[in-house]
Structure formats: structure tokens, C-alpha cells
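Chemist: Got a structure here, written out as C-alpha cells. Questions coming.
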There are 2 protein chains.
Amino acid sequence: MATLKEISQIVGVHPSVISRVLNDDQTLKIKDSTRKKILQTVKELNYQPNRMARNLKMNKTNMLGIVIPDIGNPVYSDIIKGAESEANANGYSLLIYSEHNKKKNEFLKLIKDNHVDGLLIASHELEHEIILELESSKKPFVIVNGKHSSSDNYVVLDDKAAGKLATEHLIELGHKHITHISGPIYADSAIQRLQGYREALHQNNYDFKSANVIESQYTIDSGYEAMKEIIKNHTLPTAIFAANILIALGALKAMKEHEIKVPGDISIIGLHDTYFTSILSPSLTTIQMPLFELGVYSVKSILQNIEDKQASPGKIIHGASLIKRESTAEFKI
Amino acid sequence: MATLKEISQIVGVHPSVISRVLNDDQTLKIKDSTRKKILQTVKELNYQPNRMARNLKMNKTNMLGIVIPDIGNPVYSDIIKGAESEANANGYSLLIYSEHNKKKNEFLKLIKDNHVDGLLIASHELEHEIILELESSKKPFVIVNGKHSSSDNYVVLDDKAAGKLATEHLIELGHKHITHISGPIYADSAIQRLQGYREALHQNNYDFKSANVIESQYTIDSGYEAMKEIIKNHTLPTAIFAANILIALGALKAMKEHEIKVPGDISIIGLHDTYFTSILSPSLTTIQMPLFELGVYSVKSILQNIEDKQASPGKIIHGASLIKRESTAEFKI
DNA sequence: GTGAAAGCGCTAACAT
DNA sequence: ATGTTAGCGCTTTCAC
């Protein structure tokens, strides 16, 4: 790879001039002929500025990091796509840091050793000390899809509205016994979705019964276990609102094993839509969330923070829409 | 963030000594007391060597890149997990470069500007000139899950064996009319899988008919179109071997729309297993491929190349196994 | 046992 | 209109 020095020797001009030409330095006065010559040799030698040198000099890597629990989770791939698209549009690239298989909180190194200029954190288990460390690092960060008591740097979805929408859909279909398989209660998203469920019940003069809420992780396995518990311990509900797509998949699996017909015996609606929900049999009714936009806005927020040196306040990305498919049907006695 | 210089001032020793202590320089002779003092202040100040400076000095980023067509594709997430795991085990991190939404061949920049020390390329559309550019860059690269006529740096799966296994399964179930929805014929994986299909037919004294092969992209939409074409133009087969999981999903969708029962009317087997195949109704019979191992080996190969300065030859990762589920059944008249 | 010096490739402020 | 200089933070070779 050619260096600035090499180019300068060929063109017969000082390296710094080349640098200024390539970086569009407006204050630079230069003859058109030399500029041409420079640009031509740069092109001929296929010159590419050395990123490592540039980074060191400018104290900037033009990389953003995104910390996610698991790269295989379809919810995150949509967030990533949004984040990546916005990052690229601004000359940044996105380093995806998947936490499965890593030591806890190891992601802090990304910031501490200047690997990235800013960090999106889409991980729900964030301890207070971690936030403190992040803040002391002076690098911008934003908590994506979750809140934390000790930080205002967050971007979330309107999970409450989504939970309400899901529950209202089941109510409109005439269901009286609606069970909610919630996410883990330490996650703000789970709390909000549960809250939406409660509000919908309340506004329709339904009693909220805590026995109708089963807590689960946001995983297939955990959703499966939750559904088995519902089947074992309770009188069967006629409808289920699963707080997450993976939970819904797990619940479907359990129902299939127990030969519970969907939607004949039980209707089910899941939160988050993904590319295969329409292919399931029955196809799954879902609440679609603006995950791409969540990623986009999170990056916007970080970039603004990088420029302004001050964090933007917490933000909610609205927009949750019902996608009615086959897994929910009218309640019939 | 503290720098070496700052530490050195506190400890009262030259920066270079600190560097040598931290990098375990065996030739360094130093008093135990000063070493202790150094390590202690390093810890107290939470010192982290500046990655950008280190990169420049050592001409090395300790990053590997992986170029994939689409981050949402479950096939790639397993490869990524394997690659990441092996990279991390060797002190490298993995930069995921998803090509959706990017200019073609833009990934070359990753290498040219020294962003990464080596590149895994899991993209099927690789032109000859790109290979040339890669080779002229002198950085290690490996083509993952695909071959290319002009390079020996590849790691592939045993796609032929997988295609054979899938087809044999259908033959054993008594099917006579087996249609193959193949991948795009410019992809080596598609050619190999088709070859496996042919071999299985041949060894069982079945005629190979080109009319029984429909070409598709490795996407849901394309698989859907391919299946619709089969339904429209041909006498229906009794079994289908889909060259890829997404193709299988698309085919399932088309069959569902046309009220074709699986496996009652048509049996279907897909290549690649993923987390939700068992949850589909009917659950999908698949050929599971060692994708994680593919990722692991690809990184091993790159790292060896970085050390030895010479590429390892092409390699096939064996291991394709049938996972029998509900979507395939015995042929009954 | 420790220090000094050089330099990776680039950019930015200041000279000429 | 172009050149000079300094320095980002680190590692490495050599000197004492």
C-alpha cells in the first residue's frame, strides 16, 4: 500500500499538500495543474489513507459499537440494520458485539481502548456500576430498547402501547380469559408491555389477575416452559399475549405438543414481527414494532452526542401496529 | 484515559519500561519492587493501552472482517458465531460487514485501509477482478462457503453429501417424483447440492430429468416463486428437496396458499437447520450442516495465514446430518 | 536495571 | 502556492 510520502515523491510536492487536497481543505490555495497531478497519481496508485494513522492523529475511529445479547435473535437483526444504515450514511461503520459467549461486561473494553467512538447498548442486564464506568469514559453511549434508572441516554419503543394494542385485539375478539406471558420483570420493556396489558384490561372493565401473568425470558425455551406451566397449573385461557416473538414460538411449540389447537382452542398474539411469522401454520398474529427506526434513531442520537458533546435526552420511538393473521380468532363458546 | 507517559511520571520510570512490563517482555530485567509499583498504578488508574496507537505502531488491528450478504439470514448467524468464537479465543475481534444496503465490492476498503488484518468472505457473487485485488493486497482472506475458480483460499461444506443425503431420504420413503429447488447455479454450493441430488438418483436407478430442477435464489421470495411455478407448470411431484432453508420456507408458503398438504400431498426436506424449524407446522425435516465449525475453521485458516504468511489450501468441512421431522413421510398411492 | 531515541502514517498550525 | 514542523501514544532497539 502506498503512503502519502511515496505519492509526494512521485508528484514532487510535500505530503501535507496531498493530505489537504484529499481532505478538501478549503483554505488551501493550489494550482489546478498540481491538484490534477496529485489526484491522478492517487488514483493510479490506488492510494487509500492508512486508517490506523488517521485514527491516532484524529483521536477518532469512525466506528460505533452495538452490544447485543445474541446475533441470532431476529429482533436484533432489524435494529442492527437500522443502526448500520444510519451509521454508514454518516461515514461510520458499525462493530457488532454479540455478548453470547463473552465475559460479562467485557464490552467496556471497546470504549476504554478507543476501539469505537460511541456505543449502542441493547443488552438488558446493565448494572449501576457499568453505567458509571460508561459515564466516566466520556464517550457517548445510548441504551437501546431499555431504560436504566441511572441514565437518561436511552431510546425505547412504545412498549406500553404495543402491549395495550395486543391485548385490545384479543378483547375485541371476545376473549375473557387472556393470559400474558411476560418478559423478565427486570427488563423495562417487559414492565411496559405488562403495563399495556393491564391498561387494556382495565379500560374494558376486566379484572387484572396476577395469576394470569407468567414471567418468562425472551427465549423460545423459556416461552415453552411458561406455556407448559400454564397448561399444567391453570384452567386454560382462551387467548395468550406473548411479550416477544421467541416466547410466542416457544408457546406454540408447547401447545402443539399438547395438541391444543390454535386458534381453535387458544388464540395467540406475539410481539415483534419477523420474516417467518407469516409462514408459520397457523400464521402468527403479531404486533410489529419499528425496530429499524429504533436502530436509526439510536445512531442519530450518538452522532449528535459526538458532535455536540452533550447527550440527547431519552426518547420513545412510537409506532406499533397490529398484523392480523391466523393465530387469533373470535372467541366462541 | 491515562497514557503511558502519565503512568511513567507517577511511577518515576521511563514509559518504555512500563510498556515492556505490560507486554511481558522476557528480556527485561527489572526490580520486583518497581514492577509491583508499575502494575499497581496501572491498575489504580485503570490504564488501557490506546488501541489506535498500538495498531499504528504494530501495523495490526487484531480485527478480522466477515463479509456476509445479510445479517438477518439465520445461516450466517451460525457461521458468525463460530468465527467470532475462534477469533476471540485468539485475541481478535470480528467485524461483521453485512452487504445488504451497501455498494457492491465496497468491502474491499476494509482491507485496503488496514481496517482488518484478514477477511472472511461469505458472499457468493465474487468477480475475478475482486479476487485479484484481494490477492494484490497481501492480506489474508478466505472464501467461506463457496469456491471460486481463481482462488484456493476457500472453506466449504460438504454440499454434495448433503444433497445426496436429502435425496436419499426421500427415495427411502418411496418417492418416485422428486423435484429439486436448487440455489442459483453460479453458486458452488448450489452446484454441489444439485450434484448430490443427481448422484442419489443415479445410484438408485432413477432417471434425472432437468425438468425436475427449478432454480431459485437462496431467499424466501424466490423459493415461493419457484414453488408456484412448479404448481403451475408441472404435474406435482410427491417430494421436494429445497436447496436451502429459506427456499424451503418460501415453498411451504406457496403450498399453504394452494392448500397442498405437507406431508400428505408433498413431502419436503430443506437444507440447513435453524432454531425455528422444529416449531413449524408441520415441523421441517432438514439436513443440518456444521455451520459453526465452518466459521471456526475459516478463522483458524486466516490466523494461520497471518502467522505463516502463506495460505492454507482449500478445505471441506464434512458432516451433514439428517434431522427427520414431520414434513417428510412415506409415499402412499 | 533503566533511559533515550526513533518512528509507524497521518494532519494541522504556522512559515515562507 | 507550497514547505516545515510537531506530535498523536505506543513499541523496539540500543545505549548506559
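Scheme for the C-alpha cells: letters A, B, ... for chains in order shown; per-chain residue numbers from 1; ligand numbers from 1 in order shown.
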For a quick test of understanding: name the residues of chain A lying within 7 Å of chain D when counting only C-alpha atoms (C1' of nucleotides), and present them as a PyMOL selection string.
Modeler: chain A and resi 14+29-31+56-57
Chemist: Set the distance at 6 Å and use only C-alpha atoms (C1' of nucleotides): which residues neighbour range 139-148 of chain A once local chain neighbours fewer than 6 positions away are removed? I'd like the list as a list in words.
Modeler: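 Counting only the stated atoms, we get Gly118, Leu119, Leu120, Ile121, Ala122, Tyr154, Val155, Val156 and Asp188 of chain A.
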Chemist: Residues of the last selection are to be written out with N, CA and C atoms, as a compact mmCIF listing (two decimals), in the first residue's frame.
Modeler:
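Final output, result-v3.txt:
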# COMPACT_ATOMS: atom_id res chain seq x y z
N GLY A 118 -18.35 5.53 19.96
CA GLY A 118 -19.59 5.57 20.72
C GLY A 118 -20.20 4.19 20.75
N LEU A 119 -21.12 3.99 21.69
CA LEU A 119 -21.63 2.64 21.90
C LEU A 119 -23.15 2.62 22.02
N LEU A 120 -23.77 1.73 21.27
CA LEU A 120 -25.19 1.44 21.46
C LEU A 120 -25.27 0.17 22.30
N ILE A 121 -26.02 0.21 23.35
CA ILE A 121 -26.09 -0.96 24.22
C ILE A 121 -27.52 -1.50 24.25
N ALA A 122 -27.68 -2.65 23.64
CA ALA A 122 -29.02 -3.25 23.58
C ALA A 122 -29.00 -4.54 24.39
N TYR A 154 -31.26 6.92 26.67
CA TYR A 154 -31.92 5.73 26.19
C TYR A 154 -32.83 6.03 25.02
N VAL A 155 -33.06 5.03 24.22
CA VAL A 155 -34.07 5.10 23.17
C VAL A 155 -34.89 3.84 23.29
N VAL A 156 -36.17 3.99 23.45
CA VAL A 156 -37.02 2.82 23.62
C VAL A 156 -38.18 2.83 22.63
N ASP A 188 -37.14 -3.27 31.37
CA ASP A 188 -38.14 -2.22 31.27
C ASP A 188 -39.18 -2.55 30.20
Chemist: When you get a sec, could you note down which chain B residues fall within 12 Å of chain C, using only C-alpha atoms (C1' of nucleotides), as a PyMOL selection string?
Modeler: chain B and resi 8+12-18+20+27-35+52-60+113-114
Chemist: In Å, rounded to a single decimal, give me how far CA of Ala239 in chain A is from CA of Arg193 in chain A.
Modeler: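 One can read the CA of Arg193 in chain A to CA of Ala239 in chain A distance as 16.1 Å.
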Chemist: Excluding Thr3 in chain A and its own-chain neighbours fewer than 4 positions away, which residues fall within 9 Å of it when counting only C-alpha atoms (C1' of nucleotides)? Please give them as an MDAnalysis selection string.
Modeler: (chainID A and resid 7:8 47:50) or (chainID C and resid 9)
Chemist: Restricting the output to N, CA and C atoms (P, O5', C5', C4', C3', O3' and C1' of nucleotides), write the selected residues as a PDB file, in the first residue's frame.
Modeler:
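And here's part.pdb as it stands now:
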ATOM      1  N   ILE A   7       3.590   9.012  -2.517  1.00  0.00           N
ATOM      2  CA  ILE A   7       2.884   9.822  -3.508  1.00  0.00           C
ATOM      3  C   ILE A   7       3.595  11.153  -3.680  1.00  0.00           C
ATOM      4  N   SER A   8       3.975  11.723  -2.550  1.00  0.00           N
ATOM      5  CA  SER A   8       4.581  13.054  -2.590  1.00  0.00           C
ATOM      6  C   SER A   8       5.878  13.038  -3.398  1.00  0.00           C
ATOM      7  N   TYR A  47      -4.278   4.750  -4.013  1.00  0.00           N
ATOM      8  CA  TYR A  47      -3.929   5.131  -2.641  1.00  0.00           C
ATOM      9  C   TYR A  47      -5.145   5.178  -1.726  1.00  0.00           C
ATOM     10  N   GLN A  48      -4.971   4.642  -0.548  1.00  0.00           N
ATOM     11  CA  GLN A  48      -6.018   4.635   0.476  1.00  0.00           C
ATOM     12  C   GLN A  48      -5.356   5.088   1.770  1.00  0.00           C
ATOM     13  N   PRO A  49      -5.801   6.182   2.365  1.00  0.00           N
ATOM     14  CA  PRO A  49      -5.146   6.637   3.600  1.00  0.00           C
ATOM     15  C   PRO A  49      -5.156   5.529   4.653  1.00  0.00           C
ATOM     16  N   ASN A  50      -4.078   5.407   5.338  1.00  0.00           N
ATOM     17  CA  ASN A  50      -3.977   4.385   6.383  1.00  0.00           C
ATOM     18  C   ASN A  50      -4.868   4.753   7.567  1.00  0.00           C
TER      19      ASN A  50
ATOM     20  P    DG C   9       4.409   3.337   7.492  1.00  0.00           P
ATOM     21  O5'  DG C   9       3.279   4.441   7.307  1.00  0.00           O
ATOM     22  C5'  DG C   9       1.927   4.090   7.545  1.00  0.00           C
ATOM     23  C4'  DG C   9       1.128   5.363   7.729  1.00  0.00           C
ATOM     24  C3'  DG C   9       1.222   6.339   6.555  1.00  0.00           C
ATOM     25  O3'  DG C   9      -0.096   6.518   6.068  1.00  0.00           O
ATOM     26  C1'  DG C   9       1.498   7.447   8.642  1.00  0.00           C
TER      27       DG C   9
END
Chemist: Please extract the residues of range 45-247 of chain A with a backbone DSSP assignment of strand (DSSP E) and present them as a PDB file with N, CA and C atoms, in the first residue's frame.
Modeler:
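What follows is the written file out_17.pdb:
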ATOM      1  N   MET A  63     -15.901   4.453  14.114  1.00  0.00           N
ATOM      2  CA  MET A  63     -16.658   3.221  14.332  1.00  0.00           C
ATOM      3  C   MET A  63     -17.583   3.395  15.517  1.00  0.00           C
ATOM      4  N   LEU A  64     -18.763   2.852  15.385  1.00  0.00           N
ATOM      5  CA  LEU A  64     -19.678   2.770  16.515  1.00  0.00           C
ATOM      6  C   LEU A  64     -19.817   1.300  16.867  1.00  0.00           C
ATOM      7  N   GLY A  65     -20.023   1.020  18.124  1.00  0.00           N
ATOM      8  CA  GLY A  65     -20.233  -0.360  18.536  1.00  0.00           C
ATOM      9  C   GLY A  65     -21.687  -0.576  18.903  1.00  0.00           C
ATOM     10  N   ILE A  66     -22.183  -1.774  18.651  1.00  0.00           N
ATOM     11  CA  ILE A  66     -23.509  -2.111  19.172  1.00  0.00           C
ATOM     12  C   ILE A  66     -23.408  -3.422  19.930  1.00  0.00           C
ATOM     13  N   VAL A  67     -23.802  -3.365  21.180  1.00  0.00           N
ATOM     14  CA  VAL A  67     -23.710  -4.539  22.051  1.00  0.00           C
ATOM     15  C   VAL A  67     -25.068  -5.219  22.090  1.00  0.00           C
ATOM     16  N   ILE A  68     -25.112  -6.458  21.654  1.00  0.00           N
ATOM     17  CA  ILE A  68     -26.377  -7.192  21.664  1.00  0.00           C
ATOM     18  C   ILE A  68     -26.175  -8.545  22.335  1.00  0.00           C
ATOM     19  N   SER A  93     -18.707   3.082  10.523  1.00  0.00           N
ATOM     20  CA  SER A  93     -19.076   1.683  10.389  1.00  0.00           C
ATOM     21  C   SER A  93     -19.475   1.143  11.754  1.00  0.00           C
ATOM     22  N   LEU A  94     -20.160   0.032  11.733  1.00  0.00           N
ATOM     23  CA  LEU A  94     -20.754  -0.489  12.958  1.00  0.00           C
ATOM     24  C   LEU A  94     -20.084  -1.786  13.364  1.00  0.00           C
ATOM     25  N   LEU A  95     -19.556  -1.799  14.556  1.00  0.00           N
ATOM     26  CA  LEU A  95     -18.958  -3.017  15.093  1.00  0.00           C
ATOM     27  C   LEU A  95     -20.008  -3.728  15.930  1.00  0.00           C
ATOM     28  N   ILE A  96     -20.378  -4.913  15.503  1.00  0.00           N
ATOM     29  CA  ILE A  96     -21.400  -5.660  16.237  1.00  0.00           C
ATOM     30  C   ILE A  96     -20.732  -6.507  17.298  1.00  0.00           C
ATOM     31  N   TYR A  97     -21.115  -6.271  18.517  1.00  0.00           N
ATOM     32  CA  TYR A  97     -20.517  -7.001  19.625  1.00  0.00           C
ATOM     33  C   TYR A  97     -21.590  -7.890  20.239  1.00  0.00           C
ATOM     34  N   SER A  98     -21.552  -9.149  19.898  1.00  0.00           N
ATOM     35  CA  SER A  98     -22.557 -10.085  20.394  1.00  0.00           C
ATOM     36  C   SER A  98     -22.083 -10.694  21.704  1.00  0.00           C
ATOM     37  N   GLY A 118     -18.352   5.528  19.956  1.00  0.00           N
ATOM     38  CA  GLY A 118     -19.588   5.574  20.720  1.00  0.00           C
ATOM     39  C   GLY A 118     -20.200   4.194  20.754  1.00  0.00           C
ATOM     40  N   LEU A 119     -21.119   3.992  21.688  1.00  0.00           N
ATOM     41  CA  LEU A 119     -21.628   2.643  21.900  1.00  0.00           C
ATOM     42  C   LEU A 119     -23.148   2.621  22.024  1.00  0.00           C
ATOM     43  N   LEU A 120     -23.767   1.726  21.268  1.00  0.00           N
ATOM     44  CA  LEU A 120     -25.186   1.445  21.461  1.00  0.00           C
ATOM     45  C   LEU A 120     -25.274   0.171  22.295  1.00  0.00           C
ATOM     46  N   ILE A 121     -26.022   0.212  23.350  1.00  0.00           N
ATOM     47  CA  ILE A 121     -26.093  -0.958  24.224  1.00  0.00           C
ATOM     48  C   ILE A 121     -27.516  -1.496  24.252  1.00  0.00           C
ATOM     49  N   PHE A 141     -22.722   7.113  24.728  1.00  0.00           N
ATOM     50  CA  PHE A 141     -23.363   5.807  24.665  1.00  0.00           C
ATOM     51  C   PHE A 141     -24.859   6.003  24.744  1.00  0.00           C
ATOM     52  N   VAL A 142     -25.594   5.016  24.295  1.00  0.00           N
ATOM     53  CA  VAL A 142     -27.040   5.084  24.419  1.00  0.00           C
ATOM     54  C   VAL A 142     -27.566   3.676  24.686  1.00  0.00           C
ATOM     55  N   ILE A 143     -28.511   3.608  25.586  1.00  0.00           N
ATOM     56  CA  ILE A 143     -29.126   2.323  25.902  1.00  0.00           C
ATOM     57  C   ILE A 143     -30.290   2.130  24.937  1.00  0.00           C
ATOM     58  N   VAL A 144     -30.221   1.068  24.158  1.00  0.00           N
ATOM     59  CA  VAL A 144     -31.205   0.849  23.110  1.00  0.00           C
ATOM     60  C   VAL A 144     -32.235  -0.177  23.570  1.00  0.00           C
ATOM     61  N   TYR A 154     -31.265   6.925  26.668  1.00  0.00           N
ATOM     62  CA  TYR A 154     -31.922   5.725  26.195  1.00  0.00           C
ATOM     63  C   TYR A 154     -32.834   6.031  25.021  1.00  0.00           C
ATOM     64  N   VAL A 155     -33.059   5.029  24.219  1.00  0.00           N
ATOM     65  CA  VAL A 155     -34.066   5.103  23.166  1.00  0.00           C
ATOM     66  C   VAL A 155     -34.893   3.841  23.293  1.00  0.00           C
ATOM     67  N   VAL A 156     -36.168   3.994  23.450  1.00  0.00           N
ATOM     68  CA  VAL A 156     -37.021   2.816  23.615  1.00  0.00           C
ATOM     69  C   VAL A 156     -38.182   2.828  22.633  1.00  0.00           C
ATOM     70  N   LEU A 157     -38.819   1.715  22.545  1.00  0.00           N
ATOM     71  CA  LEU A 157     -40.033   1.614  21.753  1.00  0.00           C
ATOM     72  C   LEU A 157     -41.222   1.932  22.652  1.00  0.00           C
ATOM     73  N   ILE A 178     -57.590 -13.917  29.264  1.00  0.00           N
ATOM     74  CA  ILE A 178     -56.387 -13.620  28.482  1.00  0.00           C
ATOM     75  C   ILE A 178     -55.166 -13.704  29.379  1.00  0.00           C
ATOM     76  N   THR A 179     -54.303 -14.620  29.055  1.00  0.00           N
ATOM     77  CA  THR A 179     -53.076 -14.762  29.848  1.00  0.00           C
ATOM     78  C   THR A 179     -51.927 -14.056  29.143  1.00  0.00           C
ATOM     79  N   HIS A 180     -51.102 -13.424  29.946  1.00  0.00           N
ATOM     80  CA  HIS A 180     -49.935 -12.727  29.399  1.00  0.00           C
ATOM     81  C   HIS A 180     -48.665 -13.473  29.810  1.00  0.00           C
ATOM     82  N   ILE A 181     -47.910 -13.907  28.811  1.00  0.00           N
ATOM     83  CA  ILE A 181     -46.575 -14.428  29.132  1.00  0.00           C
ATOM     84  C   ILE A 181     -45.631 -13.253  28.985  1.00  0.00           C
ATOM     85  N   SER A 182     -45.178 -12.760  30.123  1.00  0.00           N
ATOM     86  CA  SER A 182     -44.389 -11.526  30.108  1.00  0.00           C
ATOM     87  C   SER A 182     -42.912 -11.813  29.941  1.00  0.00           C
ATOM     88  N   VAL A 213     -50.598 -13.786  34.706  1.00  0.00           N
ATOM     89  CA  VAL A 213     -49.328 -13.327  34.141  1.00  0.00           C
ATOM     90  C   VAL A 213     -48.237 -14.334  34.512  1.00  0.00           C
ATOM     91  N   ILE A 214     -47.587 -14.861  33.517  1.00  0.00           N
ATOM     92  CA  ILE A 214     -46.489 -15.797  33.750  1.00  0.00           C
ATOM     93  C   ILE A 214     -45.219 -15.145  33.233  1.00  0.00           C
ATOM     94  N   GLU A 215     -44.206 -15.145  34.059  1.00  0.00           N
ATOM     95  CA  GLU A 215     -42.971 -14.500  33.643  1.00  0.00           C
ATOM     96  C   GLU A 215     -42.083 -15.477  32.860  1.00  0.00           C
ATOM     97  N   ALA A 239     -57.011 -17.076  25.317  1.00  0.00           N
ATOM     98  CA  ALA A 239     -56.111 -16.265  24.495  1.00  0.00           C
ATOM     99  C   ALA A 239     -54.836 -15.950  25.251  1.00  0.00           C
ATOM    100  N   ILE A 240     -53.782 -15.803  24.497  1.00  0.00           N
ATOM    101  CA  ILE A 240     -52.480 -15.510  25.094  1.00  0.00           C
ATOM    102  C   ILE A 240     -51.823 -14.351  24.375  1.00  0.00           C
ATOM    103  N   PHE A 241     -51.276 -13.448  25.178  1.00  0.00           N
ATOM    104  CA  PHE A 241     -50.445 -12.378  24.636  1.00  0.00           C
ATOM    105  C   PHE A 241     -49.003 -12.675  25.063  1.00  0.00           C
ATOM    106  N   ALA A 242     -48.179 -13.037  24.091  1.00  0.00           N
ATOM    107  CA  ALA A 242     -46.778 -13.343  24.377  1.00  0.00           C
ATOM    108  C   ALA A 242     -45.947 -12.079  24.185  1.00  0.00           C
TER     109      ALA A 242
END
Chemist: Counting only C-alpha atoms, which residue out of B:Thr277, B:Asn305, B:Gln203, B:Ser150 sits closest to chain A?
Modeler: B:Thr277
Chemist: Applying 7 Å and only C-alpha atoms (C1' of nucleotides), which residues near range 314-327 of chain B remain after dropping the ones on its own chain fewer than 4 positions away? List them as an MDAnalysis selection string.
Modeler: chainID B and resid 152:158 162 262:263 267:269 282:290 294
Chemist: For Tyr224 in chain A, work out the shell of residues within 10 Å, counting only C-alpha atoms (C1' of nucleotides) and skipping chain neighbours fewer than 4 positions away, then give it as number ranges by chain.
Modeler: A: 216, 219-220, 228-230, 246-255
Chemist: If DSSP is run on the backbone, what residues of range 29-129 of chain A are helix (DSSP H, G or I)? A reply as number ranges by chain would be ideal.
Modeler: A: 32-44, 51-58, 74-89, 108-112, 128-129
Chemist: Give me a file of those residues, with N, CA and C atoms, as a short mmCIF file (atom, residue, chain, number, x, y, z; two decimals), in the first residue's frame.
Modeler:
data_model
loop_
_atom_site.label_atom_id
_atom_site.label_comp_id
_atom_site.auth_asym_id
_atom_site.auth_seq_id
_atom_site.Cartn_x
_atom_site.Cartn_y
_atom_site.Cartn_z
N ASP A 32 -4.23 24.47 -10.30
CA ASP A 32 -5.08 23.40 -10.81
C ASP A 32 -4.25 22.25 -11.37
N SER A 33 -3.12 22.61 -11.96
CA SER A 33 -2.30 21.57 -12.58
C SER A 33 -1.74 20.61 -11.53
N THR A 34 -1.26 21.15 -10.40
CA THR A 34 -0.72 20.25 -9.37
C THR A 34 -1.83 19.43 -8.73
N ARG A 35 -2.96 20.06 -8.51
CA ARG A 35 -4.09 19.31 -7.95
C ARG A 35 -4.42 18.13 -8.86
N LYS A 36 -4.49 18.40 -10.12
CA LYS A 36 -4.78 17.34 -11.09
C LYS A 36 -3.76 16.22 -10.99
N LYS A 37 -2.51 16.63 -10.96
CA LYS A 37 -1.42 15.66 -10.91
C LYS A 37 -1.54 14.79 -9.66
N ILE A 38 -1.83 15.45 -8.57
CA ILE A 38 -1.99 14.72 -7.30
C ILE A 38 -3.12 13.70 -7.40
N LEU A 39 -4.27 14.19 -7.81
CA LEU A 39 -5.44 13.31 -7.87
C LEU A 39 -5.19 12.13 -8.81
N GLN A 40 -4.46 12.43 -9.86
CA GLN A 40 -4.20 11.37 -10.84
C GLN A 40 -3.31 10.27 -10.26
N THR A 41 -2.21 10.68 -9.64
CA THR A 41 -1.31 9.66 -9.07
C THR A 41 -1.98 8.90 -7.92
N VAL A 42 -2.78 9.63 -7.16
CA VAL A 42 -3.53 8.97 -6.08
C VAL A 42 -4.38 7.86 -6.65
N LYS A 43 -5.00 8.16 -7.77
CA LYS A 43 -5.87 7.18 -8.40
C LYS A 43 -5.05 6.04 -8.99
N GLU A 44 -3.98 6.40 -9.67
CA GLU A 44 -3.14 5.38 -10.30
C GLU A 44 -2.60 4.39 -9.29
N ARG A 51 -5.83 3.89 7.77
CA ARG A 51 -6.83 4.16 8.78
C ARG A 51 -6.24 4.25 10.18
N MET A 52 -5.24 3.45 10.45
CA MET A 52 -4.67 3.40 11.80
C MET A 52 -3.98 4.71 12.12
N ALA A 53 -3.27 5.24 11.15
CA ALA A 53 -2.57 6.50 11.36
C ALA A 53 -3.56 7.64 11.54
N ARG A 54 -4.54 7.62 10.69
CA ARG A 54 -5.59 8.62 10.77
C ARG A 54 -6.29 8.60 12.13
N ASN A 55 -6.65 7.41 12.54
CA ASN A 55 -7.32 7.27 13.83
C ASN A 55 -6.49 7.88 14.95
N LEU A 56 -5.23 7.53 14.96
CA LEU A 56 -4.37 8.01 16.04
C LEU A 56 -4.30 9.53 16.03
N LYS A 57 -4.05 10.06 14.86
CA LYS A 57 -3.90 11.50 14.74
C LYS A 57 -5.17 12.24 15.17
N MET A 58 -6.29 11.75 14.70
CA MET A 58 -7.53 12.47 14.91
C MET A 58 -8.26 12.04 16.18
N PRO A 74 -33.71 -12.54 15.84
CA PRO A 74 -34.19 -11.73 14.72
C PRO A 74 -34.58 -10.31 15.13
N VAL A 75 -34.94 -10.13 16.38
CA VAL A 75 -35.29 -8.80 16.85
C VAL A 75 -34.09 -7.86 16.68
N TYR A 76 -32.92 -8.38 17.02
CA TYR A 76 -31.73 -7.54 16.94
C TYR A 76 -31.28 -7.30 15.52
N SER A 77 -31.53 -8.26 14.64
CA SER A 77 -31.02 -8.02 13.30
C SER A 77 -31.71 -6.84 12.65
N ASP A 78 -32.97 -6.60 12.99
CA ASP A 78 -33.62 -5.42 12.44
C ASP A 78 -33.07 -4.13 13.04
N ILE A 79 -32.81 -4.17 14.33
CA ILE A 79 -32.21 -2.99 14.97
C ILE A 79 -30.85 -2.70 14.33
N ILE A 80 -30.08 -3.76 14.16
CA ILE A 80 -28.75 -3.62 13.57
C ILE A 80 -28.82 -3.01 12.18
N LYS A 81 -29.77 -3.50 11.39
CA LYS A 81 -29.88 -2.97 10.03
C LYS A 81 -30.14 -1.47 10.04
N GLY A 82 -31.00 -1.04 10.92
CA GLY A 82 -31.28 0.38 11.01
C GLY A 82 -30.06 1.16 11.46
N ALA A 83 -29.39 0.63 12.48
CA ALA A 83 -28.23 1.32 13.03
C ALA A 83 -27.12 1.39 11.98
N GLU A 84 -26.92 0.29 11.30
CA GLU A 84 -25.86 0.23 10.31
C GLU A 84 -26.12 1.22 9.19
N SER A 85 -27.36 1.24 8.76
CA SER A 85 -27.71 2.11 7.65
C SER A 85 -27.46 3.57 7.99
N GLU A 86 -27.84 3.96 9.20
CA GLU A 86 -27.63 5.35 9.60
C GLU A 86 -26.15 5.65 9.84
N ALA A 87 -25.46 4.68 10.39
CA ALA A 87 -24.02 4.87 10.63
C ALA A 87 -23.30 5.05 9.29
N ASN A 88 -23.54 4.18 8.37
CA ASN A 88 -22.89 4.25 7.05
C ASN A 88 -23.19 5.57 6.36
N ALA A 89 -24.43 6.02 6.50
CA ALA A 89 -24.82 7.26 5.85
C ALA A 89 -24.01 8.44 6.38
N LEU A 108 -17.03 -3.18 27.77
CA LEU A 108 -16.50 -1.89 28.21
C LEU A 108 -15.14 -1.61 27.59
N LYS A 109 -14.44 -2.66 27.29
CA LYS A 109 -13.11 -2.52 26.69
C LYS A 109 -13.20 -1.77 25.35
N LEU A 110 -14.28 -1.99 24.64
CA LEU A 110 -14.47 -1.32 23.35
C LEU A 110 -14.33 0.18 23.48
N ILE A 111 -14.82 0.68 24.59
CA ILE A 111 -14.80 2.12 24.83
C ILE A 111 -13.46 2.53 25.42
N LYS A 112 -13.02 1.75 26.38
CA LYS A 112 -11.82 2.15 27.13
C LYS A 112 -10.57 2.16 26.25
N HIS A 128 -25.57 -0.86 37.72
CA HIS A 128 -25.34 0.55 38.01
C HIS A 128 -23.87 0.95 37.79
N GLU A 129 -22.97 0.10 38.24
CA GLU A 129 -21.53 0.43 38.13
C GLU A 129 -21.10 0.54 36.67
#
